[in-house]
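**Q** Would you mind keeping the following structure in view while I ask a few things?
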Amino acid sequence: MVLLELGIFFYREGTTLRPATYQDLGDQRTGLLPAIHMTPEAAAGSWRDRCDTIDYVITIDNQAITHRPDLWSHRGFAREVAALMGWRLRPLKELLLPIYFEVRTEAGSPLQDASCARFAICAIGPVVAVSSLPWMLLRLVRIGSKPINALVDATNYVMFDLGQPMHAFDGDKITGPLCVRKARHDESLDLLDGSRITLSKQDLIVADERSALSLAGIMGGTASGVQQGTTSLLLESAYFVPTTIRQNAARHHVRTESSTRFEKGMDPAAGTMALERYGKLLQQEKLLPVQPVKAKHSESHEFDRMGFEGLNGTVWGELPEPRTIAISHAKIETLIGIALEPSRVVAILTSLELAVTQQGDTATPIYQIAIPSFRAHDLRIAEDIVEEIVRMIGYDTLPSVMPQRLTTAATSGDRAQLRILRHQLVAAGRMQELYSYPLYDEAFLREIAYVPEHTVTLKNPVSEQWQRLVTSLVPHLMKAVVINMHDYREIRLFEINRTWRLQGAAPEERTMVAFVVYAADRTIDFYEGKQYIQSCAERLRLSLTWEATTAPLAPWYMPGRTAAITCQGKQLGFAGCVSLEFLQRIGLGSAFVAELDATLLVRSTAAPLRYEPISKYPPSVQDVSLLVPYTITVAELVREIRSIDHRIAAVQLVDMFEQATWPDQRALTLRITLVDPTATLQKDMIEAVMARIADRMRAQGIVIR
């Protein structure tokens, strides 16, 4: 690589020279390098003295440092490396040009919006506008930044160096003082990348008396851009609220190195340092002819230095109060698990530029740790300090100890009962579990003509089709049946999930269990569906009561073939055949549906388990066929028969038959099991019990067939 008096880098290939490109310096971009600032001494070869002949580019995955804004700068990494290696980090004050900043907080501040908490400006002039400096160009290109000219390159160099974005305006193109405000409606701005954006009242901008000059924290405008003819600069460095910058960048689809850093939350005190660092760079390159004057105090540092003529700045906004974290040495050792000397703890924290003072016993002191502003975002609690110590001594130095967990005996509770319920539906009911979204599908609700009441509507819905929380699990089950009915002739689905219903001003959350049994080629009657619920109740050792209901029902229930289910005086829900009108609306065959309050179901008091020895005498099983009025339920009939004689051990429904010529009754076949724990049943004993059963049935209008 050679540099000619033309101010252009050339790349040597054998005996020929060609203009150098970005790719010659390791960048992936195509195109020629920009013009280079040349002096006679540089052309003679002195430019090589300040250029890095040996360089290493270390790529860091930025996803691992999103919580560390200080690591979005080269100095931040240098601070970490120096602490890890035990090296001395060059003091920052040696790299800054002293600027006297007047701190103002009075009325009339240019901060017209709370999204800018701190705003520093400094006018510099006269300045010398030249092309890019060779050594700075090489460094910027190697990290993927595009050189423009020396004055602009220096702003980018400072941003990568200290992590603080800043912007340089052409001082001759500014009218009146700068301000930070929200844009006016339909105000436009031509950005430095050549695009034009239309601003809105949501956008934060930096402006003068006439118009917008830059999209705050993201990119400047062409109207005030620095060019070769620039003779004076107005430098701006601010602290913007991270969410505002992120929203502005997303709104206009403009992401820059500057906006990325502001989104992380920068050091509030770095604004003035960035301006002083910029001034130092210009002074070193003799682009800022200034003379030293009397000593003044720099707002951003704790020492007095020699000031420079014409370099006075102003900063608006107060710095946040410094945070102090207290932690005892004993707590550090307890959390880490090893013993440490207090001197080592102090050395580690001091190497990270944390100011430490000790109180109490010298062997087990209490540390008062002052958090610098560049770590204010991630060091907030005592455990954060412990983490800093651990990573410096190395996680591999810590002993590996299995954690201890003290357990106590506990009852199975609701979750165990829900597992029993789920297992019963899967194993005995041959059902498949469904787990659906907690929101109604509005399109399917319109299809089934269902308008749920007392729903909870989301303030920020996922979409217009998913706006309301479910008050019932049945619509999701029905939708699943409709989706799968063309592939299966029979479908059995259940779901255990939460529902929400408005009760007054607050929503009530309940855990429900619902199931649907669908068949395309046969009729599913009420009693087939009932047996699934009864089997679950038996597994949970509960007794359910089935009652006819006149309450308003959901549109999928068939009137007259739907029952209200109660347990221990509490209503669990409803179960019944799906109405023909509802089936026709969605094209189903035959179905049974139920929905019960799972919380009440599993929290009901189960019947105690008692051991009863099996009788050593054989049982006698008798089947009886009855013609029973519809007004008498099977459960009532079973209870009535069981009460007739203590030797009736069980009564089961074996079969049921209905026909059109029996408008008010149905045929039932019951299996009655008789057993005597003290003797073998004789024929006359069995006949006597069956006769008593017959007499009791006839007394209730039941015909024995």
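Letters for chains follow the order of the structure tokens (A, B, ...), residue numbers begin at 1 for each chain, and ligand numbers begin at 1 in the order shown.
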Need to verify the contact set: Val651 (chain A), 9 Å, only C-alpha atoms, exclusion of same-chain residues closer than 6 positions in sequence. Can you return it as a ChimeraX atom specification?
**A** /A:638-639,641-642,670-673
**Q** Grab the residues selected above and save them as a CSV table (one decimal), in the first residue's frame with N, CA, C and O atoms.
**A**
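Heads up, here's the output in result_32.csv:
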chain,number,residue,atom,x,y,z
A,638,VAL,N,-82.0,-46.4,40.9
A,638,VAL,CA,-81.0,-47.2,41.6
A,638,VAL,C,-81.0,-46.9,43.1
A,638,VAL,O,-80.9,-47.9,43.9
A,639,ARG,N,-81.1,-45.7,43.5
A,639,ARG,CA,-81.1,-45.4,44.9
A,639,ARG,C,-82.3,-46.1,45.6
A,639,ARG,O,-82.2,-46.6,46.7
A,641,ILE,N,-83.9,-48.8,44.7
A,641,ILE,CA,-83.7,-50.3,44.8
A,641,ILE,C,-82.7,-50.6,45.9
A,641,ILE,O,-82.9,-51.6,46.6
A,642,ARG,N,-81.6,-49.9,45.9
A,642,ARG,CA,-80.5,-50.2,46.9
A,642,ARG,C,-81.1,-50.0,48.3
A,642,ARG,O,-80.6,-50.7,49.3
A,670,LEU,N,-82.0,-53.6,34.3
A,670,LEU,CA,-81.1,-53.4,35.4
A,670,LEU,C,-80.6,-54.7,35.8
A,670,LEU,O,-81.3,-55.7,35.9
A,671,ARG,N,-79.3,-54.7,36.2
A,671,ARG,CA,-78.7,-55.9,36.8
A,671,ARG,C,-78.5,-55.7,38.3
A,671,ARG,O,-77.8,-54.8,38.7
A,672,ILE,N,-79.1,-56.6,39.0
A,672,ILE,CA,-79.1,-56.5,40.5
A,672,ILE,C,-78.3,-57.6,41.1
A,672,ILE,O,-78.5,-58.8,40.8
A,673,THR,N,-77.3,-57.2,41.9
A,673,THR,CA,-76.4,-58.2,42.5
A,673,THR,C,-76.7,-58.3,44.0
A,673,THR,O,-76.7,-57.3,44.7
**Q** When you look at region 52-62 of chain A with a cut-off of 9 Å (counting only C-alpha atoms), what residues show up, excluding the ones that are within fewer than 6 positions of it in the same chain? I need them as a short mmCIF file (atom, residue, chain, number, x, y, z; two decimals) with all heavy atoms, in the first residue's frame.
**A**
data_model
loop_
_atom_site.label_atom_id
_atom_site.label_comp_id
_atom_site.auth_asym_id
_atom_site.auth_seq_id
_atom_site.Cartn_x
_atom_site.Cartn_y
_atom_site.Cartn_z
N TRP A 72 -19.97 -1.10 24.33
CA TRP A 72 -20.19 -0.69 22.94
C TRP A 72 -19.17 0.39 22.57
O TRP A 72 -19.47 1.29 21.78
CB TRP A 72 -21.62 -0.20 22.75
CG TRP A 72 -22.59 -1.35 22.72
CD1 TRP A 72 -23.00 -2.10 23.77
CD2 TRP A 72 -23.23 -1.89 21.57
NE1 TRP A 72 -23.87 -3.08 23.36
CE2 TRP A 72 -24.04 -2.97 22.01
CE3 TRP A 72 -23.24 -1.57 20.21
CZ2 TRP A 72 -24.80 -3.73 21.15
CZ3 TRP A 72 -24.01 -2.33 19.35
CH2 TRP A 72 -24.78 -3.40 19.82
N TRP A 135 -4.23 7.60 8.94
CA TRP A 135 -4.29 6.66 10.06
C TRP A 135 -5.70 6.45 10.55
O TRP A 135 -6.09 5.33 10.92
CB TRP A 135 -3.40 7.15 11.21
CG TRP A 135 -3.90 8.42 11.87
CD1 TRP A 135 -3.61 9.69 11.50
CD2 TRP A 135 -4.79 8.51 12.99
NE1 TRP A 135 -4.25 10.60 12.32
CE2 TRP A 135 -4.97 9.88 13.25
CE3 TRP A 135 -5.42 7.57 13.80
CZ2 TRP A 135 -5.78 10.34 14.28
CZ3 TRP A 135 -6.22 8.02 14.83
CH2 TRP A 135 -6.40 9.38 15.06
N LEU A 138 -7.69 4.23 7.95
CA LEU A 138 -7.39 2.81 8.05
C LEU A 138 -8.13 2.17 9.23
O LEU A 138 -8.68 1.07 9.11
CB LEU A 138 -5.88 2.62 8.20
CG LEU A 138 -5.03 2.92 6.95
CD1 LEU A 138 -3.56 2.84 7.29
CD2 LEU A 138 -5.37 1.96 5.83
N ARG A 139 -8.16 2.83 10.35
CA ARG A 139 -8.83 2.27 11.52
C ARG A 139 -10.34 2.18 11.32
O ARG A 139 -10.97 1.18 11.70
CB ARG A 139 -8.51 3.11 12.76
CG ARG A 139 -7.06 3.00 13.21
CD ARG A 139 -6.85 3.70 14.54
NE ARG A 139 -5.47 3.52 15.02
CZ ARG A 139 -5.03 3.97 16.18
NH1 ARG A 139 -5.85 4.62 17.00
NH2 ARG A 139 -3.79 3.77 16.54
N ARG A 142 -11.31 -0.65 8.80
CA ARG A 142 -11.13 -2.00 9.33
C ARG A 142 -12.27 -2.43 10.26
O ARG A 142 -12.46 -3.63 10.48
CB ARG A 142 -9.79 -2.08 10.07
CG ARG A 142 -8.61 -2.14 9.11
CD ARG A 142 -7.30 -1.96 9.83
NE ARG A 142 -6.17 -2.08 8.93
CZ ARG A 142 -4.92 -1.77 9.24
NH1 ARG A 142 -4.65 -1.28 10.45
NH2 ARG A 142 -3.94 -1.91 8.36
N ILE A 143 -13.01 -1.51 10.81
CA ILE A 143 -14.16 -1.87 11.66
C ILE A 143 -15.48 -1.64 10.94
O ILE A 143 -16.54 -1.63 11.57
CB ILE A 143 -14.13 -1.10 12.99
CG1 ILE A 143 -14.22 0.40 12.77
CG2 ILE A 143 -12.90 -1.46 13.79
CD1 ILE A 143 -14.33 1.19 14.05
#
**Q** If we count only C-alpha atoms, what is near Val675 (chain A) at a cut-off of 9 Å, once residues fewer than 4 positions away on the same chain are taken out, given as a list in words?
**A**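 Returned residues: Ser615, Tyr617, Pro618, Pro619, Ser620, Val621, His646, Arg647, Ile648, Ala649, Ala679, Thr680 and Leu681 of chain A.
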**Q** Kindly indicate which residue among A:Ile369, A:Val103, A:Leu133, A:Leu213 lies nearest to Thr39 (chain A), using only C-alpha atoms for the distances.
**A**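 The closest residue to Thr39 (chain A) is A:Leu133.
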**Q** Using DSSP secondary structure from the backbone, list all strand (DSSP E) positions within region 320-395 of chain A, as an MDAnalysis selection string.
**A** chainID A and resid 323:328 355:359 366:371
**Q** Okay, now the selection with C-alpha atoms, as a compact mmCIF listing (two decimals), in the first residue's frame?
**A**
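File again04.txt, as written:
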# COMPACT_ATOMS: atom_id res chain seq x y z
CA ARG A 323 -25.51 5.21 43.16
CA THR A 324 -23.71 3.54 46.06
CA ILE A 325 -24.01 -0.19 46.79
CA ALA A 326 -23.13 -1.61 50.20
CA ILE A 327 -22.15 -5.25 50.64
CA SER A 328 -20.37 -7.08 53.42
CA ALA A 355 -14.50 3.50 43.89
CA VAL A 356 -14.41 1.42 47.10
CA THR A 357 -14.33 2.47 50.74
CA GLN A 358 -14.25 0.07 53.70
CA GLN A 359 -16.05 0.27 56.99
CA ILE A 366 -18.43 -3.69 54.72
CA TYR A 367 -17.71 -2.21 51.30
CA GLN A 368 -19.31 1.02 50.12
CA ILE A 369 -18.99 0.93 46.31
CA ALA A 370 -19.61 4.06 44.26
CA ILE A 371 -20.95 3.08 40.84
**Q** Select, from A:Val593, A:Leu352, A:Leu398, A:Ala564, the residue with the minimum atom-to-atom distance to Trp87 (chain A), counting only C-alpha atoms.
**A**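 Closest to Trp87 (chain A), using only C-alpha atoms: A:Leu352.
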**Q** If we count only C-alpha atoms and set the cut-off at 10 Å, which residues sit around Leu275 (chain A), ignoring sequence neighbours fewer than 2 positions away in its own chain? Please answer as number ranges by chain.
**A** A: 96-99, 120-122, 155, 158, 164-168, 235-237, 270-273, 277-280, 313
**Q** Could you turn the residues from that selection into a file that holds N, CA and C atoms, as an mmCIF file, in the first residue's frame?
**A**
data_model
loop_
_atom_site.group_PDB
_atom_site.id
_atom_site.type_symbol
_atom_site.label_atom_id
_atom_site.label_comp_id
_atom_site.auth_asym_id
_atom_site.auth_seq_id
_atom_site.Cartn_x
_atom_site.Cartn_y
_atom_site.Cartn_z
ATOM 1 N N LEU A 96 -8.117 13.963 26.219
ATOM 2 C CA LEU A 96 -9.162 14.974 26.109
ATOM 3 C C LEU A 96 -8.556 16.367 26.032
ATOM 4 N N LEU A 97 -9.230 17.217 25.286
ATOM 5 C CA LEU A 97 -8.880 18.635 25.227
ATOM 6 C C LEU A 97 -9.774 19.373 26.217
ATOM 7 N N PRO A 98 -9.211 20.097 27.176
ATOM 8 C CA PRO A 98 -10.062 20.753 28.183
ATOM 9 C C PRO A 98 -11.019 21.765 27.551
ATOM 10 N N ILE A 99 -12.281 21.617 27.854
ATOM 11 C CA ILE A 99 -13.310 22.571 27.425
ATOM 12 C C ILE A 99 -14.095 22.977 28.667
ATOM 13 N N ALA A 120 -25.455 18.740 25.362
ATOM 14 C CA ALA A 120 -24.223 19.537 25.418
ATOM 15 C C ALA A 120 -23.866 20.023 24.021
ATOM 16 N N ILE A 121 -23.465 21.315 23.914
ATOM 17 C CA ILE A 121 -23.043 21.872 22.631
ATOM 18 C C ILE A 121 -21.751 22.658 22.846
ATOM 19 N N CYS A 122 -21.000 22.766 21.760
ATOM 20 C CA CYS A 122 -19.753 23.527 21.806
ATOM 21 C C CYS A 122 -19.468 24.047 20.405
ATOM 22 N N THR A 155 -15.937 12.457 14.333
ATOM 23 C CA THR A 155 -17.138 12.174 15.134
ATOM 24 C C THR A 155 -17.376 10.674 15.241
ATOM 25 N N VAL A 158 -14.716 9.117 17.590
ATOM 26 C CA VAL A 158 -15.058 9.326 18.994
ATOM 27 C C VAL A 158 -16.150 8.354 19.429
ATOM 28 N N GLN A 164 -19.931 7.149 22.818
ATOM 29 C CA GLN A 164 -20.907 8.231 22.852
ATOM 30 C C GLN A 164 -21.075 8.816 21.451
ATOM 31 N N PRO A 165 -22.245 8.662 20.821
ATOM 32 C CA PRO A 165 -22.477 9.315 19.526
ATOM 33 C C PRO A 165 -22.503 10.836 19.689
ATOM 34 N N MET A 166 -22.064 11.539 18.665
ATOM 35 C CA MET A 166 -22.113 12.994 18.639
ATOM 36 C C MET A 166 -22.337 13.416 17.201
ATOM 37 N N HIS A 167 -22.630 14.693 17.009
ATOM 38 C CA HIS A 167 -22.898 15.182 15.659
ATOM 39 C C HIS A 167 -22.265 16.558 15.491
ATOM 40 N N ALA A 168 -21.687 16.774 14.315
ATOM 41 C CA ALA A 168 -21.056 18.051 13.979
ATOM 42 C C ALA A 168 -21.887 18.753 12.909
ATOM 43 N N LEU A 235 -20.787 21.572 17.632
ATOM 44 C CA LEU A 235 -20.803 20.176 18.062
ATOM 45 C C LEU A 235 -21.946 19.932 19.042
ATOM 46 N N GLU A 236 -22.589 18.796 18.880
ATOM 47 C CA GLU A 236 -23.718 18.429 19.756
ATOM 48 C C GLU A 236 -23.520 17.007 20.255
ATOM 49 N N SER A 237 -23.720 16.814 21.543
ATOM 50 C CA SER A 237 -23.646 15.482 22.147
ATOM 51 C C SER A 237 -24.694 15.423 23.240
ATOM 52 N N ALA A 270 -21.121 11.056 29.484
ATOM 53 C CA ALA A 270 -20.157 10.922 28.392
ATOM 54 C C ALA A 270 -20.302 12.003 27.334
ATOM 55 N N GLY A 271 -21.382 12.773 27.384
ATOM 56 C CA GLY A 271 -21.599 13.779 26.341
ATOM 57 C C GLY A 271 -20.498 14.812 26.282
ATOM 58 N N THR A 272 -20.129 15.379 27.421
ATOM 59 C CA THR A 272 -19.078 16.386 27.430
ATOM 60 C C THR A 272 -17.716 15.763 27.139
ATOM 61 N N MET A 273 -17.492 14.533 27.589
ATOM 62 C CA MET A 273 -16.224 13.860 27.298
ATOM 63 C C MET A 273 -16.037 13.671 25.795
ATOM 64 N N ARG A 277 -12.937 14.893 23.621
ATOM 65 C CA ARG A 277 -12.138 13.946 22.837
ATOM 66 C C ARG A 277 -12.062 14.398 21.390
ATOM 67 N N TYR A 278 -13.148 14.895 20.869
ATOM 68 C CA TYR A 278 -13.161 15.395 19.488
ATOM 69 C C TYR A 278 -12.196 16.575 19.350
ATOM 70 N N GLY A 279 -12.230 17.486 20.301
ATOM 71 C CA GLY A 279 -11.321 18.628 20.255
ATOM 72 C C GLY A 279 -9.870 18.203 20.298
ATOM 73 N N LYS A 280 -9.546 17.173 21.071
ATOM 74 C CA LYS A 280 -8.174 16.676 21.162
ATOM 75 C C LYS A 280 -7.699 16.131 19.821
ATOM 76 N N GLY A 313 -18.219 25.569 26.220
ATOM 77 C CA GLY A 313 -19.437 24.855 25.869
ATOM 78 C C GLY A 313 -20.524 25.077 26.893
#
**Q** Would you please extract all helix (DSSP H, G or I) residues from region 8-47 of chain A, as assigned by DSSP on the backbone, and give them as a list in words?
**A** Tyr22, Gln23, Asp24, Leu25, Pro40, Glu41, Ala42, Ala43, Ser46 and Trp47 of chain A
**Q** Go ahead and write the selection's residues with all heavy atoms as a CSV table (one decimal), in the first residue's frame.
**A**
chain,number,residue,atom,x,y,z
A,22,TYR,N,-11.8,-0.7,-0.7
A,22,TYR,CA,-12.2,-1.1,0.7
A,22,TYR,C,-11.7,-2.5,1.0
A,22,TYR,O,-11.3,-2.8,2.1
A,22,TYR,CB,-13.7,-0.9,0.9
A,22,TYR,CG,-14.1,0.6,1.1
A,22,TYR,CD1,-14.7,1.2,0.1
A,22,TYR,CD2,-13.9,1.2,2.3
A,22,TYR,CE1,-15.1,2.5,0.2
A,22,TYR,CE2,-14.3,2.5,2.4
A,22,TYR,CZ,-14.9,3.2,1.4
A,22,TYR,OH,-15.3,4.5,1.5
A,23,GLN,N,-11.9,-3.4,0.0
A,23,GLN,CA,-11.6,-4.8,0.2
A,23,GLN,C,-10.1,-5.0,0.4
A,23,GLN,O,-9.7,-6.0,1.0
A,23,GLN,CB,-12.1,-5.6,-1.0
A,23,GLN,CG,-13.6,-5.6,-1.1
A,23,GLN,CD,-14.1,-6.4,-2.3
A,23,GLN,OE1,-13.4,-6.5,-3.3
A,23,GLN,NE2,-15.3,-6.8,-2.3
A,24,ASP,N,-9.2,-4.1,-0.1
A,24,ASP,CA,-7.8,-4.2,0.2
A,24,ASP,C,-7.5,-4.1,1.6
A,24,ASP,O,-6.4,-4.6,2.1
A,24,ASP,CB,-7.0,-3.2,-0.7
A,24,ASP,CG,-7.1,-3.5,-2.2
A,24,ASP,OD1,-7.2,-4.7,-2.5
A,24,ASP,OD2,-7.1,-2.5,-2.9
A,25,LEU,N,-8.4,-3.4,2.4
A,25,LEU,CA,-8.2,-3.2,3.8
A,25,LEU,C,-9.0,-4.2,4.7
A,25,LEU,O,-9.1,-4.0,5.9
A,25,LEU,CB,-8.5,-1.8,4.2
A,25,LEU,CG,-7.7,-0.7,3.5
A,25,LEU,CD1,-8.1,0.7,4.0
A,25,LEU,CD2,-6.2,-0.9,3.8
A,40,PRO,N,3.3,17.7,2.7
A,40,PRO,CA,4.6,17.3,2.1
A,40,PRO,C,5.3,16.2,2.9
A,40,PRO,O,5.9,15.3,2.4
A,40,PRO,CB,5.3,18.6,2.0
A,40,PRO,CG,4.3,19.6,1.9
A,40,PRO,CD,3.1,19.1,2.8
A,41,GLU,N,5.2,16.4,4.2
A,41,GLU,CA,5.9,15.4,5.1
A,41,GLU,C,5.3,14.0,4.9
A,41,GLU,O,6.0,13.0,4.9
A,41,GLU,CB,5.8,15.8,6.5
A,41,GLU,CG,6.6,17.1,6.9
A,41,GLU,CD,5.8,18.3,6.5
A,41,GLU,OE1,4.6,18.2,6.1
A,41,GLU,OE2,6.3,19.4,6.6
A,42,ALA,N,3.9,14.0,4.8
A,42,ALA,CA,3.2,12.7,4.7
A,42,ALA,C,3.6,12.0,3.3
A,42,ALA,O,3.8,10.8,3.2
A,42,ALA,CB,1.7,12.9,4.8
A,43,ALA,N,3.6,12.9,2.3
A,43,ALA,CA,4.0,12.3,1.0
A,43,ALA,C,5.3,11.7,0.9
A,43,ALA,O,5.6,10.8,0.2
A,43,ALA,CB,3.8,13.4,-0.1
A,46,SER,N,6.1,9.9,5.9
A,46,SER,CA,5.8,10.0,7.4
A,46,SER,C,4.4,9.5,7.7
A,46,SER,O,4.2,9.2,8.9
A,46,SER,CB,6.0,11.4,7.9
A,46,SER,OG,5.0,12.3,7.3
A,47,TRP,N,3.5,9.4,6.7
A,47,TRP,CA,2.2,8.9,7.0
A,47,TRP,C,2.2,7.4,7.6
A,47,TRP,O,1.4,7.0,8.4
A,47,TRP,CB,1.3,8.9,5.8
A,47,TRP,CG,1.8,7.9,4.7
A,47,TRP,CD1,2.7,8.2,3.7
A,47,TRP,CD2,1.3,6.6,4.5
A,47,TRP,NE1,2.8,7.1,2.9
A,47,TRP,CE2,2.0,6.1,3.4
A,47,TRP,CE3,0.4,5.8,5.1
A,47,TRP,CZ2,1.8,4.8,2.9
A,47,TRP,CZ3,0.2,4.5,4.7
A,47,TRP,CH2,0.9,4.0,3.5
**Q** Counting only C-alpha atoms, figure out which residue out of A:Ala83, A:Thr511, A:Asp186, A:Val602 gets nearest to Arg391 (chain A).
**A** A:Ala83
**Q** I'd like the interatomic distance between CA of Ala249 (chain A) and CA of Leu140 (chain A), to a tenth of an Å.
**A**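 Taking CA of Ala249 (chain A) as the start and CA of Leu140 (chain A) as the end point, the length is 23.4 Å.
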**Q** If you count only C-alpha atoms, which residues fall within 9 Å of Ile348 (chain A), apart from same-chain ones fewer than 4 positions away, as a ChimeraX atom specification?
**A** /A:83-84,343-344,352,354,388-389,392-393
**Q** So that I can see what lies close to Pro608 (chain A), please list as an mmCIF file with all heavy atoms, in the first residue's frame the residues with an atom at most 10 Å from it, counting only C-alpha atoms and leaving out residues fewer than 3 positions away in the same chain.
**A**
data_model
loop_
_atom_site.group_PDB
_atom_site.id
_atom_site.type_symbol
_atom_site.label_atom_id
_atom_site.label_comp_id
_atom_site.auth_asym_id
_atom_site.auth_seq_id
_atom_site.Cartn_x
_atom_site.Cartn_y
_atom_site.Cartn_z
ATOM 1 N N ARG A 541 -64.066 -40.501 43.287
ATOM 2 C CA ARG A 541 -64.848 -40.886 44.473
ATOM 3 C C ARG A 541 -65.857 -39.798 44.843
ATOM 4 O O ARG A 541 -65.990 -39.395 45.996
ATOM 5 C CB ARG A 541 -63.942 -41.208 45.666
ATOM 6 C CG ARG A 541 -62.869 -42.231 45.362
ATOM 7 C CD ARG A 541 -62.259 -42.847 46.614
ATOM 8 N NE ARG A 541 -61.862 -41.872 47.602
ATOM 9 C CZ ARG A 541 -60.708 -41.222 47.595
ATOM 10 N NH1 ARG A 541 -59.839 -41.445 46.616
ATOM 11 N NH2 ARG A 541 -60.400 -40.364 48.552
ATOM 12 N N LEU A 542 -66.583 -39.343 43.831
ATOM 13 C CA LEU A 542 -67.588 -38.306 44.025
ATOM 14 C C LEU A 542 -68.948 -38.816 43.580
ATOM 15 O O LEU A 542 -69.051 -39.677 42.696
ATOM 16 C CB LEU A 542 -67.224 -37.046 43.226
ATOM 17 C CG LEU A 542 -65.917 -36.345 43.594
ATOM 18 C CD1 LEU A 542 -65.662 -35.189 42.640
ATOM 19 C CD2 LEU A 542 -65.946 -35.857 45.035
ATOM 20 N N THR A 605 -65.158 -32.870 48.232
ATOM 21 C CA THR A 605 -64.704 -33.841 49.226
ATOM 22 C C THR A 605 -64.984 -35.247 48.742
ATOM 23 O O THR A 605 -66.142 -35.636 48.530
ATOM 24 C CB THR A 605 -65.404 -33.605 50.573
ATOM 25 O OG1 THR A 605 -65.174 -32.261 50.994
ATOM 26 C CG2 THR A 605 -64.869 -34.567 51.627
ATOM 27 N N TYR A 611 -61.946 -50.205 53.664
ATOM 28 C CA TYR A 611 -61.746 -51.599 53.283
ATOM 29 C C TYR A 611 -62.950 -52.421 53.698
ATOM 30 O O TYR A 611 -63.379 -52.392 54.853
ATOM 31 C CB TYR A 611 -60.484 -52.157 53.936
ATOM 32 C CG TYR A 611 -60.344 -53.649 53.752
ATOM 33 C CD1 TYR A 611 -59.990 -54.190 52.516
ATOM 34 C CD2 TYR A 611 -60.584 -54.505 54.826
ATOM 35 C CE1 TYR A 611 -59.878 -55.558 52.352
ATOM 36 C CE2 TYR A 611 -60.468 -55.884 54.673
ATOM 37 C CZ TYR A 611 -60.122 -56.402 53.429
ATOM 38 O OH TYR A 611 -60.012 -57.758 53.262
#
**Q** Which residues, written as a list in words, have at least one atom at most 6 Å from Gln665 (chain A), with only C-alpha atoms counted and residues fewer than 5 positions away on the same chain left out?
**A**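 Near neighbours after the sequence-gap exclusion: Val628, Pro629 and Tyr630 of chain A.
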**Q** I'd like the interatomic distance between CA of Leu71 (chain A) and CA of Arg375 (chain A), to a tenth of an Å.
**A**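 One can read the CA of Leu71 (chain A) to CA of Arg375 (chain A) distance as 9.9 Å.
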**Q** Between CA of Ile205 (chain A) and CA of Ala183 (chain A), what is the distance, to one decimal in Å?
**A**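 Between CA of Ile205 (chain A) and CA of Ala183 (chain A) the gap works out to 6.2 Å.
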